[in-house]
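Chemist: If it helps, the file is called query-v5.pdb and holds PDB, C-alpha atoms:
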```
ATOM      1  CA  MET U   1     -50.021 165.237 -57.866
ATOM      2  CA  ARG U   2     -52.283 166.268 -55.005
ATOM      3  CA  TYR U   3     -51.020 168.667 -52.424
ATOM      4  CA  ALA U   4     -52.452 168.929 -48.937
ATOM      5  CA  LEU U   5     -52.716 172.529 -47.733
ATOM      6  CA  HIS U   6     -53.855 171.765 -44.211
ATOM      7  CA  ARG U   7     -51.323 171.751 -41.409
ATOM      8  CA  ASN U   8     -50.702 168.318 -39.993
ATOM      9  CA  PRO U   9     -48.187 168.326 -37.156
ATOM     10  CA  GLY U  10     -47.673 164.580 -37.371
ATOM     11  CA  ILE U  11     -46.527 164.659 -40.956
ATOM     12  CA  HIS U  12     -42.843 165.497 -40.450
ATOM     13  CA  HIS U  13     -41.708 161.900 -40.278
ATOM     14  CA  GLN U  14     -43.441 161.045 -43.514
ATOM     15  CA  VAL U  15     -42.019 163.831 -45.622
ATOM     16  CA  ASP U  16     -39.415 161.765 -47.376
ATOM     17  CA  SER U  17     -41.526 158.704 -47.985
ATOM     18  CA  ASP U  18     -44.760 160.469 -48.825
ATOM     19  CA  LYS U  19     -44.021 163.874 -50.262
ATOM     20  CA  LYS U  20     -47.460 164.407 -51.729
ATOM     21  CA  HIS U  21     -48.782 164.961 -48.222
ATOM     22  CA  MET U  22     -46.336 167.746 -47.428
ATOM     23  CA  ASN U  23     -47.996 170.820 -46.015
ATOM     24  CA  THR U  24     -47.210 174.381 -47.040
ATOM     25  CA  ALA U  25     -44.865 175.139 -44.131
ATOM     26  CA  ASP U  26     -42.903 171.948 -44.742
ATOM     27  CA  LEU U  27     -42.675 172.627 -48.450
ATOM     28  CA  ASP U  28     -41.539 176.229 -47.918
ATOM     29  CA  HIS U  29     -38.887 175.009 -45.502
ATOM     30  CA  GLN U  30     -37.697 172.402 -48.012
ATOM     31  CA  ILE U  31     -37.525 175.047 -50.733
ATOM     32  CA  VAL U  32     -35.325 177.173 -48.440
ATOM     33  CA  VAL U  33     -33.019 174.237 -47.731
ATOM     34  CA  ALA U  34     -32.894 173.235 -51.412
ATOM     35  CA  THR U  35     -32.021 176.738 -52.639
ATOM     36  CA  GLN U  36     -29.924 178.235 -49.842
ATOM     37  CA  ALA U  37     -26.730 177.377 -51.694
ATOM     38  CA  GLY U  38     -28.213 178.916 -54.847
ATOM     39  CA  LEU U  39     -30.553 178.209 -57.745
ATOM     40  CA  PRO U  40     -29.666 175.280 -60.002
ATOM     41  CA  LEU U  41     -27.800 176.628 -63.057
ATOM     42  CA  ASP U  42     -30.116 174.902 -65.471
ATOM     43  CA  PRO U  43     -32.465 176.310 -68.132
ATOM     44  CA  GLN U  44     -35.357 175.281 -65.892
ATOM     45  CA  PRO U  45     -34.142 175.758 -62.315
ATOM     46  CA  TYR U  46     -37.594 175.662 -60.731
ATOM     47  CA  HIS U  47     -38.308 172.350 -62.464
ATOM     48  CA  ARG U  48     -35.114 170.869 -61.031
ATOM     49  CA  ILE U  49     -36.098 171.952 -57.504
ATOM     50  CA  ALA U  50     -39.575 170.525 -58.098
ATOM     51  CA  GLU U  51     -38.154 167.155 -59.156
ATOM     52  CA  GLN U  52     -35.909 167.086 -56.123
ATOM     53  CA  LEU U  53     -38.830 167.746 -53.783
ATOM     54  CA  GLY U  54     -41.339 165.630 -55.657
ATOM     55  CA  VAL U  55     -43.876 168.339 -56.476
ATOM     56  CA  GLU U  56     -44.982 170.268 -59.566
ATOM     57  CA  ALA U  57     -42.778 173.115 -60.844
ATOM     58  CA  SER U  58     -45.803 175.417 -60.868
ATOM     59  CA  LEU U  59     -46.172 174.857 -57.136
ATOM     60  CA  ILE U  60     -42.497 175.713 -56.495
ATOM     61  CA  GLN U  61     -42.944 178.931 -58.478
ATOM     62  CA  LYS U  62     -46.155 179.756 -56.619
ATOM     63  CA  ARG U  63     -44.561 179.249 -53.193
ATOM     64  CA  MET U  64     -41.454 181.255 -54.103
ATOM     65  CA  ARG U  65     -43.635 184.125 -55.389
ATOM     66  CA  GLN U  66     -45.505 184.005 -52.091
ATOM     67  CA  MET U  67     -42.234 184.110 -50.102
ATOM     68  CA  LEU U  68     -41.105 187.107 -52.181
ATOM     69  CA  GLU U  69     -44.390 188.828 -51.498
ATOM     70  CA  ASP U  70     -44.363 188.287 -47.735
ATOM     71  CA  GLY U  71     -40.662 189.164 -47.426
ATOM     72  CA  ARG U  72     -39.208 185.784 -46.491
ATOM     73  CA  ILE U  73     -37.273 186.067 -49.768
ATOM     74  CA  ARG U  74     -35.856 189.573 -50.219
ATOM     75  CA  ARG U  75     -35.144 188.947 -53.886
ATOM     76  CA  ILE U  76     -33.806 186.318 -56.257
ATOM     77  CA  ALA U  77     -30.604 187.742 -57.604
ATOM     78  CA  ALA U  78     -26.934 187.602 -58.519
ATOM     79  CA  VAL U  79     -24.825 188.815 -55.595
ATOM     80  CA  PRO U  80     -21.398 190.139 -56.576
ATOM     81  CA  ASN U  81     -18.461 189.681 -54.236
ATOM     82  CA  HIS U  82     -17.765 193.272 -53.222
ATOM     83  CA  TYR U  83     -14.227 192.434 -52.096
ATOM     84  CA  LYS U  84     -13.383 191.017 -55.543
ATOM     85  CA  LEU U  85     -14.834 194.129 -57.143
ATOM     86  CA  GLY U  86     -12.508 196.332 -55.120
ATOM     87  CA  TYR U  87     -14.861 197.355 -52.311
ATOM     88  CA  VAL U  88     -12.536 196.071 -49.622
ATOM     89  CA  ALA U  89     -13.248 198.675 -46.935
ATOM     90  CA  ASN U  90     -16.377 199.003 -44.901
ATOM     91  CA  GLY U  91     -17.147 200.982 -41.809
ATOM     92  CA  MET U  92     -20.108 200.739 -39.475
ATOM     93  CA  SER U  93     -21.252 204.343 -39.173
ATOM     94  CA  VAL U  94     -23.427 205.062 -36.150
ATOM     95  CA  TRP U  95     -25.472 208.234 -35.762
ATOM     96  CA  ASN U  96     -27.341 210.030 -33.023
ATOM     97  CA  VAL U  97     -30.383 211.533 -34.731
ATOM     98  CA  PRO U  98     -33.642 212.847 -33.265
ATOM     99  CA  ASP U  99     -36.136 210.015 -32.726
ATOM    100  CA  GLU U 100     -38.944 211.978 -34.313
ATOM    101  CA  ARG U 101     -37.020 212.242 -37.606
ATOM    102  CA  ILE U 102     -35.312 208.857 -37.680
ATOM    103  CA  ASP U 103     -37.646 207.157 -40.174
ATOM    104  CA  GLU U 104     -37.271 209.891 -42.753
ATOM    105  CA  LEU U 105     -33.476 210.011 -42.257
ATOM    106  CA  GLY U 106     -33.103 206.230 -42.211
ATOM    107  CA  GLU U 107     -34.843 206.005 -45.589
ATOM    108  CA  GLN U 108     -32.526 208.686 -46.996
ATOM    109  CA  LEU U 109     -29.374 206.929 -45.807
ATOM    110  CA  GLY U 110     -30.611 203.537 -46.942
ATOM    111  CA  ALA U 111     -31.156 204.933 -50.433
ATOM    112  CA  LEU U 112     -27.466 205.911 -50.775
ATOM    113  CA  GLU U 113     -25.748 203.530 -53.193
ATOM    114  CA  TYR U 114     -22.794 202.927 -50.865
ATOM    115  CA  VAL U 115     -24.907 202.006 -47.805
ATOM    116  CA  SER U 116     -25.602 198.272 -47.602
ATOM    117  CA  HIS U 117     -27.505 197.984 -44.305
ATOM    118  CA  CYS U 118     -29.402 200.693 -42.504
ATOM    119  CA  TYR U 119     -31.200 200.041 -39.229
ATOM    120  CA  ARG U 120     -32.677 201.760 -36.220
ATOM    121  CA  ARG U 121     -31.298 200.293 -32.982
ATOM    122  CA  PRO U 122     -31.709 201.144 -29.277
ATOM    123  CA  ARG U 123     -29.471 203.677 -27.512
ATOM    124  CA  TYR U 124     -27.723 202.976 -24.192
ATOM    125  CA  LEU U 125     -27.368 206.379 -22.573
ATOM    126  CA  PRO U 126     -25.054 207.913 -21.694
ATOM    127  CA  GLU U 127     -22.372 205.672 -23.165
ATOM    128  CA  TRP U 128     -24.043 204.788 -26.458
ATOM    129  CA  PRO U 129     -26.165 207.639 -27.855
ATOM    130  CA  TYR U 130     -26.424 206.256 -31.407
ATOM    131  CA  ASN U 131     -29.771 205.092 -32.773
ATOM    132  CA  LEU U 132     -29.115 204.872 -36.532
ATOM    133  CA  PHE U 133     -26.640 202.401 -38.052
ATOM    134  CA  ALA U 134     -25.466 202.534 -41.676
ATOM    135  CA  MET U 135     -22.816 200.217 -43.122
ATOM    136  CA  VAL U 136     -20.722 202.247 -45.571
ATOM    137  CA  HIS U 137     -18.626 200.613 -48.309
ATOM    138  CA  GLY U 138     -15.675 201.916 -50.289
ATOM    139  CA  THR U 139     -12.431 200.911 -51.964
ATOM    140  CA  ASN U 140     -10.386 202.107 -48.974
ATOM    141  CA  ARG U 141     -10.822 203.682 -45.543
ATOM    142  CA  ASN U 142     -10.388 207.227 -46.826
ATOM    143  CA  GLU U 143     -13.166 206.720 -49.309
ATOM    144  CA  VAL U 144     -15.406 205.347 -46.529
ATOM    145  CA  MET U 145     -14.604 208.390 -44.376
ATOM    146  CA  GLU U 146     -15.328 210.710 -47.309
ATOM    147  CA  LYS U 147     -18.747 209.054 -47.737
ATOM    148  CA  VAL U 148     -19.407 209.410 -44.018
ATOM    149  CA  ARG U 149     -18.678 213.144 -44.363
ATOM    150  CA  ARG U 150     -21.225 213.267 -47.170
ATOM    151  CA  ILE U 151     -23.783 211.588 -44.906
ATOM    152  CA  ALA U 152     -23.025 214.150 -42.187
ATOM    153  CA  LEU U 153     -23.686 216.961 -44.692
ATOM    154  CA  LEU U 154     -26.917 215.282 -45.746
ATOM    155  CA  LEU U 155     -28.087 214.950 -42.133
ATOM    156  CA  SER U 156     -27.027 218.515 -41.363
ATOM    157  CA  ASP U 157     -28.295 219.589 -37.918
ATOM    158  CA  ALA U 158     -29.982 216.195 -37.403
ATOM    159  CA  ASP U 159     -26.463 214.807 -36.883
ATOM    160  CA  ARG U 160     -26.036 215.115 -33.130
ATOM    161  CA  GLY U 161     -22.881 213.068 -33.159
ATOM    162  CA  HIS U 162     -21.511 210.112 -35.091
ATOM    163  CA  GLU U 163     -18.656 207.640 -35.167
ATOM    164  CA  VAL U 164     -17.294 205.099 -37.631
ATOM    165  CA  LEU U 165     -16.269 201.679 -36.363
ATOM    166  CA  PHE U 166     -13.958 199.732 -38.647
ATOM    167  CA  SER U 167     -13.576 196.029 -38.136
ATOM    168  CA  THR U 168     -10.064 195.045 -37.222
ATOM    169  CA  LYS U 169     -10.579 191.287 -37.143
ATOM    170  CA  ILE U 170     -13.201 188.727 -38.090
ATOM    171  CA  LEU U 171     -13.476 186.535 -34.997
ATOM    172  CA  LYS U 172     -16.172 184.223 -36.302
ATOM    173  CA  LYS U 173     -18.159 184.006 -39.494
ATOM    174  CA  THR U 174     -20.453 181.054 -39.975
ATOM    175  CA  GLY U 175     -23.384 182.822 -41.600
ATOM    176  CA  MET U 176     -26.889 181.538 -41.220
ATOM    177  CA  ARG U 177     -27.785 178.118 -42.384
ATOM    178  CA  PHE U 178     -31.253 176.679 -42.285
ATOM    179  CA  LYS U 179     -31.339 173.167 -40.988
ATOM    180  CA  SER U 180     -32.658 170.409 -43.224
ATOM    181  CA  SER U 181     -34.857 168.960 -40.472
ATOM    182  CA  THR U 182     -37.564 171.086 -38.876
TER     183      THR U 182
ATOM    184  CA  MET T 292      -5.117 187.188 -61.159
ATOM    185  CA  ASP T 293      -8.507 188.811 -61.486
ATOM    186  CA  GLU T 294      -9.178 189.846 -65.048
ATOM    187  CA  PRO T 295     -11.341 192.906 -65.549
ATOM    188  CA  LEU T 296     -14.958 192.102 -66.258
ATOM    189  CA  ASP T 297     -16.061 192.404 -69.852
ATOM    190  CA  GLU T 298     -19.093 194.432 -70.804
ATOM    191  CA  ILE T 299     -21.449 191.454 -70.903
ATOM    192  CA  ASN T 300     -20.487 190.301 -67.395
ATOM    193  CA  ARG T 301     -20.843 193.841 -66.088
ATOM    194  CA  ASN T 302     -24.250 193.988 -67.684
ATOM    195  CA  ILE T 303     -25.243 190.667 -66.110
ATOM    196  CA  ILE T 304     -24.148 191.829 -62.648
ATOM    197  CA  ASN T 305     -25.695 195.285 -62.944
ATOM    198  CA  THR T 306     -29.013 193.843 -64.123
ATOM    199  CA  LEU T 307     -29.395 190.617 -62.154
ATOM    200  CA  GLN T 308     -28.410 192.176 -58.809
ATOM    201  CA  TYR T 309     -31.905 193.583 -58.732
ATOM    202  CA  GLY T 310     -33.841 190.457 -59.514
ATOM    203  CA  PHE T 311     -34.311 187.279 -61.502
ATOM    204  CA  PRO T 312     -37.623 186.010 -62.890
ATOM    205  CA  ILE T 313     -39.764 183.196 -61.568
ATOM    206  CA  CYS T 314     -41.116 181.405 -64.640
ATOM    207  CA  ASP T 315     -40.599 178.213 -66.638
ATOM    208  CA  HIS T 316     -37.543 179.500 -68.556
ATOM    209  CA  PRO T 317     -36.104 182.305 -66.402
ATOM    210  CA  PHE T 318     -32.612 182.239 -67.943
ATOM    211  CA  ARG T 319     -34.116 182.585 -71.430
ATOM    212  CA  GLU T 320     -36.149 185.556 -70.242
ATOM    213  CA  ALA T 321     -33.212 187.219 -68.471
ATOM    214  CA  ALA T 322     -30.889 186.523 -71.421
ATOM    215  CA  ALA T 323     -33.301 188.204 -73.842
ATOM    216  CA  SER T 324     -33.168 191.434 -71.851
ATOM    217  CA  LEU T 325     -29.350 191.225 -71.843
ATOM    218  CA  ASN T 326     -29.201 190.512 -75.596
ATOM    219  CA  ILE T 327     -27.353 187.227 -75.161
ATOM    220  CA  THR T 328     -28.414 183.593 -75.503
ATOM    221  CA  GLU T 329     -29.749 181.478 -72.683
ATOM    222  CA  SER T 330     -26.750 179.144 -72.824
ATOM    223  CA  GLU T 331     -24.271 182.027 -72.767
ATOM    224  CA  LEU T 332     -25.944 183.510 -69.688
ATOM    225  CA  LEU T 333     -25.880 180.159 -67.888
ATOM    226  CA  GLU T 334     -22.243 179.620 -68.777
ATOM    227  CA  ARG T 335     -21.178 183.097 -67.669
ATOM    228  CA  ILE T 336     -23.007 182.837 -64.348
ATOM    229  CA  GLU T 337     -21.398 179.461 -63.757
ATOM    230  CA  VAL T 338     -17.915 180.852 -64.447
ATOM    231  CA  MET T 339     -18.498 183.880 -62.203
ATOM    232  CA  ARG T 340     -19.776 181.608 -59.417
ATOM    233  CA  GLU T 341     -16.654 179.456 -59.747
ATOM    234  CA  ASN T 342     -14.147 182.299 -59.801
ATOM    235  CA  GLY T 343     -15.857 184.049 -56.923
ATOM    236  CA  ILE T 344     -17.048 187.204 -58.726
ATOM    237  CA  LEU T 345     -20.535 186.162 -57.620
ATOM    238  CA  THR T 346     -20.850 184.993 -54.030
ATOM    239  CA  ARG T 347     -24.358 183.853 -54.678
ATOM    240  CA  PHE T 348     -26.963 183.304 -57.358
ATOM    241  CA  GLY T 349     -30.417 182.579 -56.078
ATOM    242  CA  PRO T 350     -32.923 183.604 -53.432
ATOM    243  CA  LEU T 351     -31.763 185.900 -50.631
ATOM    244  CA  PHE T 352     -33.652 184.967 -47.495
ATOM    245  CA  ASN T 353     -34.714 187.256 -44.711
ATOM    246  CA  ALA T 354     -33.939 185.138 -41.658
ATOM    247  CA  GLU T 355     -36.126 187.274 -39.385
ATOM    248  CA  GLU T 356     -39.167 186.667 -41.550
ATOM    249  CA  MET T 357     -38.572 182.922 -41.240
ATOM    250  CA  GLY T 358     -39.145 183.126 -37.510
ATOM    251  CA  GLY T 359     -36.526 183.277 -34.792
ATOM    252  CA  ALA T 360     -34.904 186.068 -32.821
ATOM    253  CA  PHE T 361     -31.813 187.985 -33.851
ATOM    254  CA  SER T 362     -29.681 190.690 -32.338
ATOM    255  CA  LEU T 363     -26.535 192.622 -32.844
ATOM    256  CA  CYS T 364     -24.717 192.632 -29.496
ATOM    257  CA  ALA T 365     -21.779 194.732 -28.380
ATOM    258  CA  MET T 366     -19.352 194.359 -25.468
ATOM    259  CA  LYS T 367     -16.517 196.369 -23.977
ATOM    260  CA  VAL T 368     -13.747 193.932 -23.244
ATOM    261  CA  PRO T 369     -10.310 194.884 -21.876
ATOM    262  CA  ALA T 370      -7.512 194.078 -24.318
ATOM    263  CA  THR T 371      -5.882 191.610 -21.925
ATOM    264  CA  GLU T 372      -9.027 189.488 -21.787
ATOM    265  CA  PHE T 373     -10.179 189.985 -25.353
ATOM    266  CA  ASP T 374      -9.041 186.631 -26.750
ATOM    267  CA  SER T 375     -10.417 184.539 -23.907
ATOM    268  CA  VAL T 376     -13.792 186.319 -24.050
ATOM    269  CA  ALA T 377     -13.892 185.892 -27.846
ATOM    270  CA  GLU T 378     -13.223 182.202 -27.423
ATOM    271  CA  LYS T 379     -16.116 181.772 -24.991
ATOM    272  CA  ILE T 380     -18.514 183.699 -27.219
ATOM    273  CA  ASN T 381     -17.472 181.991 -30.450
ATOM    274  CA  ALA T 382     -18.008 178.585 -28.870
ATOM    275  CA  LEU T 383     -21.743 179.257 -28.670
ATOM    276  CA  PRO T 384     -23.665 177.932 -31.687
ATOM    277  CA  GLN T 385     -26.074 180.892 -31.426
ATOM    278  CA  VAL T 386     -23.273 183.278 -32.416
ATOM    279  CA  ALA T 387     -23.423 183.656 -36.202
ATOM    280  CA  HIS T 388     -20.579 186.105 -36.595
ATOM    281  CA  ASN T 389     -18.292 188.129 -34.421
ATOM    282  CA  TYR T 390     -16.110 191.116 -35.316
ATOM    283  CA  GLN T 391     -13.487 193.048 -33.436
ATOM    284  CA  ARG T 392     -13.934 196.784 -33.992
ATOM    285  CA  ASP T 393     -11.729 199.773 -33.170
ATOM    286  CA  HIS T 394     -13.831 201.332 -30.409
ATOM    287  CA  ALA T 395     -14.318 201.046 -26.647
ATOM    288  CA  MET T 396     -17.201 198.770 -27.666
ATOM    289  CA  ASN T 397     -14.729 196.420 -29.267
ATOM    290  CA  MET T 398     -16.634 193.162 -29.684
ATOM    291  CA  TRP T 399     -19.658 192.996 -31.982
ATOM    292  CA  PHE T 400     -21.481 189.758 -32.617
ATOM    293  CA  VAL T 401     -24.778 188.604 -34.098
ATOM    294  CA  LEU T 402     -26.983 186.199 -32.174
ATOM    295  CA  ALA T 403     -29.332 184.007 -34.182
ATOM    296  CA  THR T 404     -31.721 182.032 -32.001
ATOM    297  CA  GLU T 405     -34.999 180.258 -32.541
ATOM    298  CA  THR T 406     -36.953 182.119 -29.832
ATOM    299  CA  PRO T 407     -36.713 185.391 -27.865
ATOM    300  CA  GLU T 408     -36.330 183.297 -24.669
ATOM    301  CA  GLU T 409     -33.304 181.532 -26.106
ATOM    302  CA  LYS T 410     -31.833 184.908 -27.044
ATOM    303  CA  HIS T 411     -32.226 186.269 -23.512
ATOM    304  CA  LYS T 412     -30.790 183.111 -21.986
ATOM    305  CA  THR T 413     -27.804 183.238 -24.316
ATOM    306  CA  ILE T 414     -27.114 186.867 -23.374
ATOM    307  CA  GLU T 415     -27.368 186.051 -19.656
ATOM    308  CA  ARG T 416     -25.046 183.129 -20.114
ATOM    309  CA  ILE T 417     -22.455 185.267 -21.891
ATOM    310  CA  GLU T 418     -22.626 187.893 -19.125
ATOM    311  CA  GLN T 419     -22.200 185.229 -16.435
ATOM    312  CA  GLN T 420     -19.364 183.436 -18.225
ATOM    313  CA  THR T 421     -17.396 186.560 -19.080
ATOM    314  CA  GLY T 422     -18.333 188.986 -16.305
ATOM    315  CA  TYR T 423     -18.963 191.770 -18.841
ATOM    316  CA  ARG T 424     -22.184 193.438 -19.853
ATOM    317  CA  VAL T 425     -23.784 192.610 -23.201
ATOM    318  CA  TYR T 426     -25.376 195.596 -24.955
ATOM    319  CA  ASP T 427     -28.281 194.065 -26.834
ATOM    320  CA  MET T 428     -29.007 196.124 -29.950
ATOM    321  CA  PRO T 429     -31.761 194.372 -31.909
ATOM    322  CA  LYS T 430     -32.912 196.176 -34.980
ATOM    323  CA  GLU T 431     -36.012 198.201 -34.235
ATOM    324  CA  LYS T 432     -36.562 199.101 -37.846
ATOM    325  CA  GLU T 433     -34.964 198.124 -41.140
ATOM    326  CA  TYR T 434     -34.630 200.911 -43.698
ATOM    327  CA  PHE T 435     -32.555 199.092 -46.261
ATOM    328  CA  VAL T 436     -30.623 195.871 -46.775
ATOM    329  CA  GLY T 437     -28.632 195.224 -49.910
ATOM    330  CA  LEU T 438     -25.682 196.565 -51.774
ATOM    331  CA  TYR T 439     -26.056 197.348 -55.429
ATOM    332  CA  LEU T 440     -22.628 197.860 -56.899
ATOM    333  CA  LYS T 441     -22.523 199.324 -60.353
ATOM    334  CA  VAL T 442     -19.588 197.660 -62.110
TER     335      VAL T 442
END
```
What would you get if you wrote out this structure as structure tokens?
Modeler:
Amino acid sequence: MRYALHRNPGIHHQVDSDKKHMNTADLDHQIVVATQAGLPLDPQPYHRIAEQLGVEASLIQKRMRQMLEDGRIRRIAAVPNHYKLGYVANGMSVWNVPDERIDELGEQLGALEYVSHCYRRPRYLPEWPYNLFAMVHGTNRNEVMEKVRRIALLLSDADRGHEVLFSTKILKKTGMRFKSST
Amino acid sequence: MDEPLDEINRNIINTLQYGFPICDHPFREAAASLNITESELLERIEVMRENGILTRFGPLFNAEEMGGAFSLCAMKVPATEFDSVAEKINALPQVAHNYQRDHAMNMWFVLATETPEEKHKTIERIEQQTGYRVYDMPKEKEYFVGLYLKV
């Protein structure tokens, strides 16, 4: 089956009736929509996606490798439910560290096995002096606090103040969903 | 209710958290490295998906890399108005999740919009509707995302 690589803005309406003319962006989007609930649990999952989208399996594999390479896909993986595995507590630890050392320190915190997200974010002085955020997981609050103390020791004099914010209520959780139409 | 995981399931989780192959027979390839058969691996993943041990099996997307503008936003809302402010914020489709946290900055929500303009407009709208400032804290740099739990 031929596959047109050029971008054709008028093609959207034809996607369903004429899939062989799908461009790369459309195909990538359809792959996202087709796999956002997960990979088919089939010996040949990429073939099943290919059949669904009307293209060759080799093309699906090529596009997914490309998305992995450019970071649109972080990884293809099994994601365990950390609550079910006993990691029921998590605290958002926020740190005031010197700007000139934040990259080095951010990498160190991110590498800790109990830190799931680690970002640099803007400060709002004077009320919010924290520029480094690290989500810390544990089986209970005490364990989270113990891990935060370990982070403080690791940061040493680069720790110019920190706090831990525990969530007390989930007010909304819809997650991100990619729409099936572009 | 939850039975402890057997060694094979622990092995599957510990190994496949880090990645899964892209090839014609990826389950066969992954199963070989786990010393089980392709059909056993498929069956075990299916069971763990159904009983909720795995929340997901497949590609993990980076929404930012797909285009769009995202931010973590914080607000300081007095306790007496907390519920009504939460209601107004949660009603907006651009709000992906919203958590109450034990701090003076007590409302933390994630905005997911298609453009930076839409993000700014949404923040302005929230400030106008609630009368409280929104502290926009977009990520300036990502050091790590993921949680690898050894089980």
Chemist: Using only C-alpha atoms, give me every residue within 12 Å of (-40.7, 187.6, -49.1) in file coordinates, as a list in words.
Modeler: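 Protein and nucleic acid residues near the point are Asp28, Val32, Arg63, Met64, Arg65, Gln66, Met67, Leu68, Glu69, Asp70, Gly71, Arg72, Ile73, Arg74, Arg75 and Ile76 of chain U; Pro350, Leu351, Phe352, Asn353, Ala354, Glu355, Glu356 and Met357 of chain T.
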Chemist: What do you get, as a PDB file with C-alpha atoms, keeping the file's coordinate frame, if you spell out every residue that the ChimeraX specification (/U :<7) & /T selects here?
Modeler:
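Saved as out31.pdb:
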```pdb
ATOM      1  CA  ILE T 304     -24.148 191.829 -62.648  1.00  0.00           C
ATOM      2  CA  LEU T 307     -29.395 190.617 -62.154  1.00  0.00           C
ATOM      3  CA  GLN T 308     -28.410 192.176 -58.809  1.00  0.00           C
ATOM      4  CA  TYR T 309     -31.905 193.583 -58.732  1.00  0.00           C
ATOM      5  CA  GLY T 310     -33.841 190.457 -59.514  1.00  0.00           C
ATOM      6  CA  PHE T 311     -34.311 187.279 -61.502  1.00  0.00           C
ATOM      7  CA  ILE T 313     -39.764 183.196 -61.568  1.00  0.00           C
ATOM      8  CA  CYS T 314     -41.116 181.405 -64.640  1.00  0.00           C
ATOM      9  CA  ASP T 315     -40.599 178.213 -66.638  1.00  0.00           C
ATOM     10  CA  HIS T 316     -37.543 179.500 -68.556  1.00  0.00           C
ATOM     11  CA  PHE T 318     -32.612 182.239 -67.943  1.00  0.00           C
ATOM     12  CA  LEU T 333     -25.880 180.159 -67.888  1.00  0.00           C
ATOM     13  CA  GLY T 343     -15.857 184.049 -56.923  1.00  0.00           C
ATOM     14  CA  ILE T 344     -17.048 187.204 -58.726  1.00  0.00           C
ATOM     15  CA  LEU T 345     -20.535 186.162 -57.620  1.00  0.00           C
ATOM     16  CA  THR T 346     -20.850 184.993 -54.030  1.00  0.00           C
ATOM     17  CA  ARG T 347     -24.358 183.853 -54.678  1.00  0.00           C
ATOM     18  CA  PHE T 348     -26.963 183.304 -57.358  1.00  0.00           C
ATOM     19  CA  GLY T 349     -30.417 182.579 -56.078  1.00  0.00           C
ATOM     20  CA  PRO T 350     -32.923 183.604 -53.432  1.00  0.00           C
ATOM     21  CA  LEU T 351     -31.763 185.900 -50.631  1.00  0.00           C
ATOM     22  CA  PHE T 352     -33.652 184.967 -47.495  1.00  0.00           C
ATOM     23  CA  ASN T 353     -34.714 187.256 -44.711  1.00  0.00           C
ATOM     24  CA  GLU T 356     -39.167 186.667 -41.550  1.00  0.00           C
ATOM     25  CA  MET T 357     -38.572 182.922 -41.240  1.00  0.00           C
ATOM     26  CA  ASN T 381     -17.472 181.991 -30.450  1.00  0.00           C
ATOM     27  CA  ALA T 387     -23.423 183.656 -36.202  1.00  0.00           C
ATOM     28  CA  HIS T 388     -20.579 186.105 -36.595  1.00  0.00           C
ATOM     29  CA  ASN T 389     -18.292 188.129 -34.421  1.00  0.00           C
ATOM     30  CA  TYR T 390     -16.110 191.116 -35.316  1.00  0.00           C
ATOM     31  CA  GLN T 391     -13.487 193.048 -33.436  1.00  0.00           C
ATOM     32  CA  ARG T 392     -13.934 196.784 -33.992  1.00  0.00           C
ATOM     33  CA  ASP T 393     -11.729 199.773 -33.170  1.00  0.00           C
ATOM     34  CA  HIS T 394     -13.831 201.332 -30.409  1.00  0.00           C
ATOM     35  CA  MET T 428     -29.007 196.124 -29.950  1.00  0.00           C
ATOM     36  CA  PRO T 429     -31.761 194.372 -31.909  1.00  0.00           C
ATOM     37  CA  LYS T 430     -32.912 196.176 -34.980  1.00  0.00           C
ATOM     38  CA  GLU T 431     -36.012 198.201 -34.235  1.00  0.00           C
ATOM     39  CA  LYS T 432     -36.562 199.101 -37.846  1.00  0.00           C
ATOM     40  CA  GLU T 433     -34.964 198.124 -41.140  1.00  0.00           C
ATOM     41  CA  TYR T 434     -34.630 200.911 -43.698  1.00  0.00           C
ATOM     42  CA  PHE T 435     -32.555 199.092 -46.261  1.00  0.00           C
ATOM     43  CA  VAL T 436     -30.623 195.871 -46.775  1.00  0.00           C
ATOM     44  CA  GLY T 437     -28.632 195.224 -49.910  1.00  0.00           C
ATOM     45  CA  LEU T 438     -25.682 196.565 -51.774  1.00  0.00           C
ATOM     46  CA  TYR T 439     -26.056 197.348 -55.429  1.00  0.00           C
TER      47      TYR T 439
END
```
Chemist: In Å, rounded to a single decimal, give me how far atom CA of T:Thr406 is from atom CA of T:Ile380.
Modeler: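 Result for atom CA of T:Ile380 versus atom CA of T:Thr406: 18.7 Å, one decimal.
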Chemist: If you apply the PyMOL selection byres ((chain T and resi 321) around 10) to this file, what residues do you get, as a list of chain:residue names?
Modeler: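 In the shown coordinates, the PyMOL selection byres ((chain T and resi 321) around 10) covers T:Ile303, T:Thr306, T:Leu307, T:Gly310, T:Phe311, T:Pro312, T:His316, T:Pro317, T:Phe318, T:Arg319, T:Glu320, T:Ala322, T:Ala323, T:Ser324, T:Leu325, T:Asn326, T:Ile327, T:Thr328, T:Glu329, T:Leu332.
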Chemist: Go ahead and write the selection's residues with C-alpha atoms as a short mmCIF file (atom, residue, chain, number, x, y, z; two decimals), in the coordinates of the input.
Modeler:
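Below you can see selection_35.cif, which holds the result:
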```cif
data_model
loop_
_atom_site.label_atom_id
_atom_site.label_comp_id
_atom_site.auth_asym_id
_atom_site.auth_seq_id
_atom_site.Cartn_x
_atom_site.Cartn_y
_atom_site.Cartn_z
CA ILE T 303 -25.24 190.67 -66.11
CA THR T 306 -29.01 193.84 -64.12
CA LEU T 307 -29.40 190.62 -62.15
CA GLY T 310 -33.84 190.46 -59.51
CA PHE T 311 -34.31 187.28 -61.50
CA PRO T 312 -37.62 186.01 -62.89
CA HIS T 316 -37.54 179.50 -68.56
CA PRO T 317 -36.10 182.30 -66.40
CA PHE T 318 -32.61 182.24 -67.94
CA ARG T 319 -34.12 182.58 -71.43
CA GLU T 320 -36.15 185.56 -70.24
CA ALA T 322 -30.89 186.52 -71.42
CA ALA T 323 -33.30 188.20 -73.84
CA SER T 324 -33.17 191.43 -71.85
CA LEU T 325 -29.35 191.22 -71.84
CA ASN T 326 -29.20 190.51 -75.60
CA ILE T 327 -27.35 187.23 -75.16
CA THR T 328 -28.41 183.59 -75.50
CA GLU T 329 -29.75 181.48 -72.68
CA LEU T 332 -25.94 183.51 -69.69
#
```
